[in-house]
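This report concerns only the one structure given below.
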Amino acid sequence: MNGTGIGIDPNRTPHPGADHTPSSVIVVGCGPTGLLLAGDLAAAGVPVTLVEKRPHRISNLSRAIVVHARTLELLDARALAEEAESLGRRLDRMNLFTRLTVEFDTLPSRFNHLLILPQYEMERILERRAIEAGVRFRYETEVTGVGQDEDGVTVETRGPGGASETLRAQYVVGTDGMRSTVRNAVGLPFPGRSVIRSVLLADVRLAEPPKDVLSVHARGDAFVFFADFGDGYYRVVAWNRRRDIPESEPLHLEEVRETVRLAAGHDFGMHDARWLSRFHSDERQAPAYRVGRVFLAGDAAHVHTPAGGQGMNIGMQDAANLGWKLAAVLQGRADDALLDTYQTERHPVGTEAMRSSGAIVRLAMANHPWERGLRAVVATTLNILTSARRKLALQIAGVGVKYGAPAGAHRLTGSRVADVALEGGRLYEALRGGRFVLITPEEYADKTGLEDRLAVERRTGRGHDTRTTVLVRPDGYVAWAADSPSRSDIEEAVARHLGQSMAPVG
């Protein structure tokens, strides 16, 4: 898809920075999902307030540690990937159950690896961007009620010292986690169940670390997951079927050592724990991600087991999908119906993540001899079948996601677009700032007459003979495509997706 890249800049409104303006958005929850979404909206010129009940503090301890290829692509489209890569540790493969290796170095992505990066580092990067974009932060502010009408949403809050305040916006997005106040306020259920209880988390040093940066071991009634932070510490996630202990019970390093010995045969010389915690893992998903003017994203919409490290990634991908759509509707460039596509596109992704991560955990939790035998067979078979192993890698990394397309649409519609070379740069550089990008073949572009009217930056690819023209959405998916389209075809597609009328070419 090399060709000419035309960055199409929407008509952006100024950022008045007021909570009660009619075109504003309130985001509830200051994790990676909320920070990415708020930053996207503010960068697009939408007034946005981010409400967080915790004090302004980014912990140096967190559960999420893996950043996948698709998330790195989204960071690249925001000029943040290079910084994230410099702070993390790259890994081109992951071992599961000793016999199965999932390879990421063959992914069709500029980021053909996963990145070991603690969530707190991701939050620092995203928070700085959000501040620079003009997001208004309200820390130590708890949401106590949400009500909506035809004109907007009213959010009741309790701030520092117990002071009550009412905020008003046109839309509200709950990114406030598994126990989401926003989700409860709009009456959405969160069906599902606990899959695994009394999981142990520890960040420790190892005298005899495993040879792999990321690895999983399972034996008998226990399993353990290791991840190397690269700073001398390792994240350990361990579980023993026979120790079902409440999360409130204190955790000591010796219990972690014992569980690791059961799962891997030895404890790798574990010492100097800087964090110890218990948690349980659920599989739950809200039936709807939208109720009128209220949306859910990230863990407020779906939770699943940590296997594969997909949780933080899918939440950030939710935000990238929703942000540009909210901006388009608020700025009058799209009908409100565009917001319904958030549900149709992202809900199936959450469902699939529950299935894939759940399958990995259930294999790790295998109890009976026949189940363990099945696990060995599955792992060995996948290791032999390159196509199946590649499909698993694509799913975990997020680059295999394709959205549905209307009947009769071009085969590329709804597909993720990998980074491609364009004159003067790359596609994901052209996507920075929330633009649609029109890619046309080099020899075809000058015949369209569109450059002078729509170009923010013109880019021409080299050595690619396809005659396919593609309109790429701000989140890197194909909005429209056609083989050898006429000038009027392109004009109509651009006008339809950007809500802009096209003056005739003179």
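Residue names in the structure tokens use chain letters A, B, ... in the order shown, residue numbers from 1 in each chain, and ligand numbers from 1 in the order shown.
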
**OP:** Enumerate as a PyMOL selection string all residues of range 20-148 of chain A assigned to strand (DSSP E or B) by DSSP on the backbone, naming them with the chain letters and numbers the document uses.
**Re:** chain A and resi 25-28+48-51+66-67+89-91+93-96+100-103+114-116+136-138+142-148

**OP:** May I have the residues within 8 Å of range 76-91 of chain A as a list in words, using only C-alpha atoms and disregarding those fewer than 2 positions away in the same chain?
**Re:**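 The filter keeps Leu72, Glu73, Leu74, Arg93, Met94, Phe104, His113, Leu114, Leu115, Ile116, Leu117, Pro118, Glu121, Met122, Ile125, Val213, Leu214, Phe229, Gly230, Tyr428, Glu429, Ala430, Leu431, Arg432 and Gly433 of chain A.
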
Original post:
Skipping near chain neighbours, those fewer than 2 positions away, what residues fall within 7 Å of range 25-34 of chain A using only C-alpha atoms, listed as a VMD selection string?
Top reply: chain A and resid 23 36 to 38 47 to 52 122 to 123 126 169 to 176 298 315 to 316 319

Original post:
From the set A:Ile396, A:Ala64, A:Phe295, A:Leu251, which residue has the shortest atom-to-atom contact distance to Gln119 in chain A, counting only C-alpha atoms?
Top reply: A:Ala64
